[in-house]
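The next block holds one structure in the form of structure tokens; read it before the comments.
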Amino acid sequence: MGPQHPMTHGLWNLRIKVDGETIVDAEPEMGYLHRGIEKLCENRTYTQIIPLADRLCYGSSLTWSHLYCLTVEDLMGLEVPERAEYIRVAAIEMQRIASHLMWLAAYAADLGTLAGFIYTMRDREVFIDLLQALSGSRLTYNFPRIGGVAHDVPPNFERDSLRACTYMEKKLDEYDQLFEGSKVFMMRNEGVGILKKELAMNLGVTGPPLRASGVNYDLRKDQPYSVYPELDFQAISMPDADCYARYKVRMDEMRESCKIIRQAVQKMPKGKWRIVAPRNGPVGTGIGRVEDPRGEGMMYVVGNGTPKPYRLKIRSPIFVTVSAAKQMLVGYKVADVVAIMGGLDMCIGEADR
């Protein structure tokens, strides 16, 4: 089933063994896109690594550069200005919506709902425009900085953000009618790719696939970072553990992200948006954890007193989640592979690193 199949959403290979049309075994195989980013980081200064972190995931670039900055700030013991924290939260929630919409567009195309692909990619542009106004870029943003963010928000950012959230909430209701009103879409999702709660936890699955299995675990709530404790929102979970539950979790997460963006831009205090970070990282270690759109992202950095880290380790949520492929696929049909693996929101850039 790859590495060229459109369902794979990046270069990786899924080998399946079939009995007729029924899957009896599956083996995910990585290594087709390995770029050695962790090794490259050993030869870059702390600031130079931010664009590398940007490129870990094409769908959620901002989340990874934010995670990297959090990790280095932990190593250096930096306290980021409050305004910068609110700007970061608003930006990464816009990124979460853009990421989920990219997933939904690809998922709709995979399952034959081509109108869904066109609508979701159209509406994603609303949030890409906001991120462009904020950072100057539309895909890899290079916006977070160690100690804050690169720039303050542009004029009318609060107004435009509130308008975008109102627009998106209306569109999400339309998506519900489009997708859930499609018998084909529902037949290909309900009761397919079931991953039971206990198995999901044992395999280390995180993010929407875990919450869709009935485990209400979200780092923004359970181990909050930045200014998330100051904001009112819910972690979304569903009990059914199938492809449809994973779809519903992401749809409701986008609604919650709109709530977070509203609060972040309205509560944003005046003041600095960045402090100057030291050039050299101290001898020691730093760790960062964030709730990426695909699950728990983690970085661990070791400093040795020079401008370059001694070691940077990246924990990709998809690299772990893909290990559950066999448990979700065995017993289903070949045609279900597209729905099951597409529903995981694969991003091979972060998984293969």
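Residue numbering restarts at 1 for every chain of the structure tokens, chains are lettered A, B, ... in their displayed order, and ligands are numbered from 1 as they appear.
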Step one, run DSSP on the backbone; step two, keep only residues of range 8-245 of chain A assigned to strand (DSSP E or B); then write them as a list in words.
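Secondary structure check on range 8-245 of chain A, strand (DSSP E or B): Asn13, Leu14, Arg15, Ile16, Lys17, Val18, Asp19, Thr22, Ile23, Val24, Asp25, Ala26, Glu27, Pro28, Glu29, Pro144, Arg145, Gly148 and Val149 of chain A.
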Range 261-275 of chain A surroundings by only C-alpha atoms, 9 Å radius, close-in-sequence under 2 positions cut, as a PyMOL selection string
chain A and resi 78-87+89-91+93-94+145-152+157-159+161-162+165+227+231-232+256-259+277
Among range 183-333 of chain A, which ones does DSSP assign to helix (DSSP H, G or I) (computed from the backbone)? Answer as a ChimeraX atom specification.
/A:183-187,197-203,208-211,219-222,228-230,243-267,317-329
Separation of CA of Ile194 in chain A from CA of Leu101 in chain A in Å
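If I compute the distance from CA of Leu101 in chain A to CA of Ile194 in chain A, I get 22.9 Å.
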Leaving out Leu134 in chain A and any residue of its chain fewer than 4 positions from it, which residues lie within 7 Å of it when counting only C-alpha atoms, given as an MDAnalysis selection string?
chainID A and resid 130 153:154
For Val72 in chain A: contacts at 12 Å, only C-alpha atoms, fewer than 5 positions along chain excluded, given as a count of residues only:
40
Please identify every residue of range 13-130 of chain A that has at least one atom no farther than 12 Å from an atom of range 340-343 of chain A, counting only C-alpha atoms, and for each give the shortest atom pair and the distance in Å to one decimal, arranged by chain then increasing number, as CSV.
residue,atom,partner,partner_atom,distance
A:Asn13,CA,A:Met341,CA,11.6
A:Leu14,CA,A:Met341,CA,9.6
A:Ala26,CA,A:Met341,CA,11.7
A:Pro28,CA,A:Met341,CA,10.6
A:His100,CA,A:Gly343,CA,10.9
A:Met102,CA,A:Gly342,CA,11.6
A:Trp103,CA,A:Gly342,CA,8.1
A:Leu104,CA,A:Gly343,CA,8.8
A:Ala105,CA,A:Gly342,CA,10.6
A:Ala106,CA,A:Gly342,CA,7.8
A:Tyr107,CA,A:Gly342,CA,5.8
A:Ala108,CA,A:Gly342,CA,9.4
A:Ala109,CA,A:Gly342,CA,10.1
A:Asp110,CA,A:Gly342,CA,7.4
A:Leu111,CA,A:Gly342,CA,9.0
Using only C-alpha atoms, the best pick from A:Thr306, A:Leu195, A:Val337, A:Ile318 as closest to Asn43 in chain A would be A:Thr306
Using only C-alpha atoms, which residue out of A:Phe233, A:Phe143, A:Arg211, A:Lys221 lies closest to Lys248 in chain A?
A:Arg211
Would you compute the distance between CA of Asp160 in chain A and CA of Cys57 in chain A? Give it in Å to one decimal.
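Computed distance, CA of Asp160 in chain A to CA of Cys57 in chain A, equals 25.9 Å.
Using only C-alpha atoms, the nearest neighbour of Ser99 in chain A within the list A:Met251, A:Leu52, A:Met187, A:Ile314 is A:Met251.
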Any idea what's packed within 12 Å of Asp173 in chain A, counting only C-alpha atoms, ignoring anything in its chain fewer than 6 positions away? Could you give it as a PyMOL selection string?
chain A and resi 166-167+179-181+251-252+254-255
May I have the selected residues written with C-alpha atoms, as a tab-separated table (two decimals), in the first residue's frame?
chain	number	residue	atom	x	y	z
A	166	THR	CA	-17.32	33.21	13.58
A	167	TYR	CA	-16.93	32.19	9.94
A	179	PHE	CA	-20.21	14.51	5.69
A	180	GLU	CA	-22.73	13.03	8.10
A	181	GLY	CA	-25.44	13.39	5.47
A	251	MET	CA	-14.41	18.43	14.26
A	252	ASP	CA	-15.25	19.35	17.86
A	254	MET	CA	-11.84	22.93	15.85
A	255	ARG	CA	-14.83	24.42	17.64
